[in-house]
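Trainee: Just passing along the structure, written as structure tokens.
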Amino acid sequence: MAKRDYYEVLGVEKNASQEELKKAFRSMARKFHPDVNKEKDAETRFKEVNEAYEVLSDDQKRAAYDRYGHAGPSGFGGGPGGAGAEGFGDINDIFNEFFGGFTRSGSQQRRGPRRGADLRYDLRIEFLEAVFGGEKEIEIVRNEGCTRCNGAGSEPGTSPIRCKTCNGTGEVRRVQQSILGQFVNVSTCPTCNGAGEVITSPCKECNGYKQVRKTLHRVVAIPPGVDTGTQIRLNSEGEPGMNGGPAGNLYVVINVAPHKFFRRKDEDVIIELPINVAQAALGDEIRVPTVDGDEALQIPPGTQSGQVFRIKGKGVPHLRRNTRGDELVLVTVDVPRSLSIEQRRIFTELSKTLGKEVVPQQEKGFFDKLKDAFGV
């Protein structure tokens with residue numbers, strides 16, 4: 001589970017000045033604004049940049065973040081007041097400059113519903129768990145609404161007061177004169193950070209941030225056939241939203257541990273199985289391990305080392321179809337390293353009937369042999 005470091009989001013060092021933060025923010029926000037960038041993840045990256053700058057441009061929130069990480073003030077819009085970066089405390093001020101303004105004011109955006117951030121959890125499972133699925137319990141750490149103040153931010157029995165700087169609007173307006181005439185610059189109130197109110201008696205549990213960090217346990221249903229990189233979405237299990245906004249999602253990313261016998265290629269299971277020279281020459285019925293248990297396999301006389309046999313329906317289930325792959329058995333002939341006296345006599349007699357002529361062949365690897373046999 002990961003929420004990116006705010007300094008990494010803006011591409012600055014932790015000792016960056018406010019001027020460096022402002023410059024980085026302007027560049028990143030302009031790059032990912034949905035009106036400019038039409039990529040699928042542009043809006044998500046845009047929100048991430050805005051959230052990072054919202055915290056780091058406020059000295060008090062930045063200090064809390066540096067000390068406690070995301071358990072500090074991250075994403076807690078409307079928390080205790082603190083001076084923001086004057087003139088650039090809200091993203092709308094910057095894009096008024098670039099694109100001519102937005103339809104809603106900065107304070108309306110800040111006080112409106114805001115969706116919570118998505119979270120990620122990396123889950124390692126065994127090979128057979130990936131094949132057959134199951135359930136796994138995971139432990140996540142995320143923000144939860146403070147139960148002491150019921151998400152109000154104020155100590156029980158107290159209430160926030162209207163901000164005197166902005167008179168509850170969440171905005172401050174400055175009239176500026178230029179050669180083109182008079183302009184009104186609207187920015188987020190630096191006292192209440194756009195909330196329109198100031199918490200005078202912060203809750204002792206959440207320190208006025210309305211949320212607290214908690215450790216939670218959740219059960220993840222793993223469908224049969226998952227593989228490394230498969231993502232399982234748990235709706236509304238990410239960070240909680242603000243001001244009535246929906247919670248984000250939790251994405252569980254699967255990592256499958258290797259098996260000591262089996263390998264996987266798409267929905268097929270691959271196993272390498274040695275047989276002795278007598279079994280290869282004369283044929284035999286052998287027992288082959290599969291993910292479902294041992295299965296009988298008929299080895300025909302004259303089987304060559306590197307030959308591949310297919311056992312239908314003993315592979316991995318398809319995630320989106322009610323079918324399964326196969327098991328591919330790569331047979332290798334195991335030549336004995338030492339012989340008894342009787343075995344040496346028999347092989348000596350056999351060698352007299354086989355001749356001594358040899359023909360060079362190019363050595364092929366395991367997957368080359370599979371490709372020749374089945375195109376896998």
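Labels used: A, B, ... for chains in the order of the structure tokens, numbers from 1 for residues in each chain, and numbers from 1 for ligands as shown.
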Write out as a ChimeraX atom specification the residues lying within 10 Å of Arg287 in chain A, counting only C-alpha atoms and excluding same-chain residues fewer than 6 positions away.
Mentor: /A:293-298
Trainee: Suppose we keep all heavy atoms; can you now write the selection as a compact mmCIF listing (two decimals), in the first residue's frame?
Mentor:
# COMPACT_ATOMS: atom_id res chain seq x y z
N GLY A 293 -2.76 -33.05 -8.27
CA GLY A 293 -2.30 -34.34 -7.79
C GLY A 293 -1.65 -35.12 -8.92
O GLY A 293 -1.62 -34.68 -10.08
N ASP A 294 -1.14 -36.31 -8.63
CA ASP A 294 -0.44 -37.11 -9.64
C ASP A 294 -1.41 -37.63 -10.71
O ASP A 294 -2.55 -37.99 -10.42
CB ASP A 294 0.25 -38.30 -8.97
CG ASP A 294 1.45 -37.86 -8.14
OD1 ASP A 294 1.80 -36.67 -8.21
OD2 ASP A 294 2.01 -38.70 -7.42
N GLU A 295 -0.92 -37.64 -11.95
CA GLU A 295 -1.67 -38.15 -13.10
C GLU A 295 -0.81 -39.15 -13.87
O GLU A 295 0.42 -39.03 -13.93
CB GLU A 295 -2.07 -37.01 -14.04
CG GLU A 295 -3.11 -36.07 -13.48
CD GLU A 295 -4.51 -36.64 -13.55
OE1 GLU A 295 -4.77 -37.47 -14.46
OE2 GLU A 295 -5.34 -36.26 -12.70
N ALA A 296 -1.46 -40.18 -14.45
CA ALA A 296 -0.74 -41.16 -15.27
C ALA A 296 -0.40 -40.56 -16.63
O ALA A 296 -1.22 -39.85 -17.23
CB ALA A 296 -1.58 -42.42 -15.44
N LEU A 297 0.81 -40.85 -17.12
CA LEU A 297 1.25 -40.38 -18.44
C LEU A 297 1.96 -41.54 -19.14
O LEU A 297 2.88 -42.14 -18.59
CB LEU A 297 2.18 -39.18 -18.31
CG LEU A 297 2.75 -38.65 -19.63
CD1 LEU A 297 1.64 -38.08 -20.52
CD2 LEU A 297 3.81 -37.58 -19.37
N GLN A 298 1.54 -41.83 -20.36
CA GLN A 298 2.12 -42.91 -21.14
C GLN A 298 3.31 -42.38 -21.93
O GLN A 298 3.18 -41.46 -22.75
CB GLN A 298 1.08 -43.51 -22.09
CG GLN A 298 1.52 -44.80 -22.75
CD GLN A 298 1.64 -45.95 -21.74
OE1 GLN A 298 0.79 -46.09 -20.87
NE2 GLN A 298 2.68 -46.76 -21.88
Trainee: Hey, what's within 6 Å of range 145-161 of chain A if we count only C-alpha atoms and toss same-chain stuff fewer than 6 positions away? As a ChimeraX atom specification, please?
Mentor: /A:197-199,201-203,208-212
Trainee: Can you tell me how far CA of Ile138 in chain A sits from CA of Pro258 in chain A, in Å to one decimal?
Mentor: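 Taking CA of Ile138 in chain A and CA of Pro258 in chain A, their separation equals 20.8 Å.
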Trainee: Residues of range 82-295 of chain A classed as strand (DSSP E) by DSSP on the backbone are to be reported as number ranges by chain.
Mentor: A: 119-125, 134-145, 161-162, 171-178, 181-188, 197-198, 211-222, 231-234, 250-256, 263-265, 268-276, 284-288, 295
Trainee: Could you work out how far CA of Glu43 in chain A lies from CA of Leu119 in chain A, giving the answer in Å with one decimal?
Mentor: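 The value is 16.2 Å.
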Trainee: Of the residues A:Arg344, A:Gly225, A:Val252, A:Gln176, which is the one nearest to Arg320 in chain A, using only C-alpha atoms?
Mentor: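 Among A:Arg344, A:Gly225, A:Val252, A:Gln176, it is A:Gly225 that comes nearest to Arg320 in chain A.
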Trainee: For CA of Gly133 in chain A and CA of Glu267 in chain A, determine how far apart the two atoms are, in Å to one decimal place.
Mentor: 14.0 Å
Trainee: Given only C-alpha atoms as the basis, pick out the residue of A:Arg337, A:Tyr121, A:Glu171, A:Met28 nearest to Leu234 in chain A.
Mentor: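 Smallest separation from Leu234 in chain A among the options: A:Tyr121.
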Trainee: Please determine, counting only C-alpha atoms, which residue among A:Pro190, A:Gly244, A:Gly238, A:Gly116 has the shortest atom-to-atom distance to Thr44 in chain A.
Mentor: A:Gly116
Trainee: Given only C-alpha atoms, how would the per-residue table for range 108-190 of chain A near range 311-317 of chain A read, listing every residue at most 12 Å away with its closest atom pair and distance in Å to one decimal, sorted by chain and number, as a Markdown table?
Mentor:
| residue | atom | partner | partner_atom | distance |
| --- | --- | --- | --- | --- |
| A:Phe127 | CA | A:Val316 | CA | 10.3 |
| A:Leu128 | CA | A:Val316 | CA | 9.3 |
| A:Glu129 | CA | A:Val316 | CA | 10.8 |
| A:Ala130 | CA | A:Val316 | CA | 8.4 |
| A:Val131 | CA | A:Val316 | CA | 5.4 |
| A:Phe132 | CA | A:Pro317 | CA | 7.7 |
| A:Gly133 | CA | A:Pro317 | CA | 9.7 |
Trainee: Can I get the selected residues back with N, CA, C and O atoms, as a JSON list (two decimals), in the first residue's frame?
Mentor:
[["chain", "number", "residue", "atom", "x", "y", "z"],
["A", 127, "PHE", "N", 2.09, -20.20, -5.26],
["A", 127, "PHE", "CA", 1.75, -20.59, -6.63],
["A", 127, "PHE", "C", 0.37, -21.24, -6.69],
["A", 127, "PHE", "O", -0.47, -20.89, -7.54],
["A", 128, "LEU", "N", 0.10, -22.20, -5.79],
["A", 128, "LEU", "CA", -1.18, -22.90, -5.83],
["A", 128, "LEU", "C", -2.34, -22.01, -5.40],
["A", 128, "LEU", "O", -3.48, -22.21, -5.83],
["A", 129, "GLU", "N", -2.08, -21.00, -4.56],
["A", 129, "GLU", "CA", -3.12, -20.03, -4.22],
["A", 129, "GLU", "C", -3.51, -19.22, -5.45],
["A", 129, "GLU", "O", -4.69, -18.88, -5.63],
["A", 130, "ALA", "N", -2.53, -18.93, -6.31],
["A", 130, "ALA", "CA", -2.83, -18.21, -7.55],
["A", 130, "ALA", "C", -3.65, -19.08, -8.49],
["A", 130, "ALA", "O", -4.52, -18.58, -9.21],
["A", 131, "VAL", "N", -3.38, -20.37, -8.50],
["A", 131, "VAL", "CA", -4.10, -21.28, -9.39],
["A", 131, "VAL", "C", -5.55, -21.44, -8.95],
["A", 131, "VAL", "O", -6.49, -21.31, -9.75],
["A", 132, "PHE", "N", -5.76, -21.72, -7.67],
["A", 132, "PHE", "CA", -7.10, -22.08, -7.20],
["A", 132, "PHE", "C", -7.84, -20.94, -6.47],
["A", 132, "PHE", "O", -9.03, -21.07, -6.18],
["A", 133, "GLY", "N", -7.15, -19.83, -6.19],
["A", 133, "GLY", "CA", -7.81, -18.73, -5.50],
["A", 133, "GLY", "C", -7.99, -19.03, -4.02],
["A", 133, "GLY", "O", -7.49, -20.02, -3.49]]
Trainee: Tell me which protein, DNA and RNA residues are within 8 Å of Phe32 in chain A, counting only C-alpha atoms, leaving out same-chain ones fewer than 2 positions away, and put them as a PyMOL selection string.
Mentor: chain A and resi 28-30+34+36-37+42-43+45-46
Trainee: Output N, CA, C and O atoms for every residue in that selection, as a compact mmCIF listing (two decimals), in the first residue's frame.
Mentor:
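Wrote it out as again_21.txt, contents follow:
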# COMPACT_ATOMS: atom_id res chain seq x y z
N MET A 28 4.22 21.46 -12.65
CA MET A 28 3.54 20.16 -12.62
C MET A 28 2.03 20.32 -12.81
O MET A 28 1.39 19.52 -13.51
N ALA A 29 1.45 21.32 -12.19
CA ALA A 29 0.01 21.52 -12.32
C ALA A 29 -0.37 21.87 -13.75
O ALA A 29 -1.39 21.41 -14.27
N ARG A 30 0.44 22.68 -14.37
CA ARG A 30 0.16 23.03 -15.77
C ARG A 30 0.28 21.81 -16.68
O ARG A 30 -0.49 21.63 -17.61
N PRO A 34 -6.33 18.70 -16.57
CA PRO A 34 -7.16 17.98 -17.56
C PRO A 34 -7.52 18.80 -18.79
O PRO A 34 -7.79 18.24 -19.84
N VAL A 36 -5.49 20.54 -20.37
CA VAL A 36 -4.31 20.54 -21.23
C VAL A 36 -3.88 19.12 -21.57
O VAL A 36 -3.57 18.80 -22.71
N ASN A 37 -3.88 18.26 -20.57
CA ASN A 37 -3.40 16.88 -20.71
C ASN A 37 -4.59 15.93 -20.82
O ASN A 37 -5.40 15.85 -19.91
N ALA A 42 -4.30 11.86 -16.06
CA ALA A 42 -3.96 13.27 -15.87
C ALA A 42 -4.71 13.87 -14.69
O ALA A 42 -4.14 14.59 -13.86
N GLU A 43 -6.02 13.58 -14.60
CA GLU A 43 -6.81 14.16 -13.51
C GLU A 43 -6.32 13.67 -12.15
O GLU A 43 -6.22 14.45 -11.20
N ARG A 45 -3.24 12.62 -11.42
CA ARG A 45 -1.95 13.26 -11.15
C ARG A 45 -2.14 14.73 -10.78
O ARG A 45 -1.43 15.27 -9.92
N PHE A 46 -3.10 15.38 -11.43
CA PHE A 46 -3.39 16.78 -11.14
C PHE A 46 -3.83 16.95 -9.68
O PHE A 46 -3.37 17.83 -8.96
Trainee: At a cut-off of 10 Å, using only C-alpha atoms, what residues contact Arg310 in chain A? Leave out same-chain residues fewer than 2 positions from it and give the result as a ChimeraX atom specification.
Mentor: /A:268-270,297,308,312-314,326-330,374
Trainee: Compare A:Glu126, A:Asn167, A:Val331, A:Lys204 by their minimum atom-to-atom distance to Pro274 in chain A, counting only C-alpha atoms, and give me the closest one.
Mentor: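 Nearest to Pro274 in chain A: A:Val331.
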Trainee: Give me the residues within 7 Å of Pro113 in chain A as a ChimeraX atom specification, counting only C-alpha atoms and dropping any in the same chain fewer than 3 places off.
Mentor: /A:242-245
Trainee: With N, CA and C atoms kept, could you save the residues just selected as a compact mmCIF listing (two decimals), in the first residue's frame?
Mentor:
# COMPACT_ATOMS: atom_id res chain seq x y z
N MET A 242 -13.47 13.89 1.77
CA MET A 242 -13.64 15.08 2.61
C MET A 242 -14.94 15.77 2.24
N ASN A 243 -15.56 16.37 3.23
CA ASN A 243 -16.78 17.17 3.03
C ASN A 243 -17.88 16.37 2.32
N GLY A 244 -18.01 15.11 2.72
CA GLY A 244 -19.07 14.29 2.14
C GLY A 244 -18.69 13.60 0.85
N GLY A 245 -17.45 13.74 0.42
CA GLY A 245 -17.01 13.09 -0.81
C GLY A 245 -16.82 11.59 -0.60
Trainee: Can you pull out the residues contacting Arg120 in chain A? Cut-off 10 Å, using only C-alpha atoms, and skip same-chain residues under 3 positions away; I want them as an MDAnalysis selection string.
Mentor: chainID A and resid 1:3 123 140 231:233 238 249:253
Trainee: Go through A:Ala281, A:Ile125, A:Val219, A:Ile271 and flag the residue nearest Ile254 in chain A, using only C-alpha atoms for the distances.
Mentor: A:Ile125
Trainee: Please report as a tab-separated table every residue of range 42-71 of chain A lying within 10 Å of range 9-22 of chain A, along with the nearest atom pair and their distance in Å (one decimal), using only C-alpha atoms.
Mentor:
residue	atom	partner	partner_atom	distance
A:Arg45	CA	A:Val9	CA	8.7
A:Glu48	CA	A:Val9	CA	7.2
A:Val49	CA	A:Val9	CA	6.2
A:Asn50	CA	A:Leu10	CA	9.4
A:Glu51	CA	A:Val9	CA	9.5
A:Ala52	CA	A:Val9	CA	6.9
A:Tyr53	CA	A:Leu21	CA	7.4
A:Leu56	CA	A:Leu21	CA	7.7
A:Ser57	CA	A:Gln18	CA	6.6
A:Asp58	CA	A:Gln18	CA	9.2
A:Asp59	CA	A:Gln18	CA	9.2
A:Asp66	CA	A:Lys14	CA	8.5
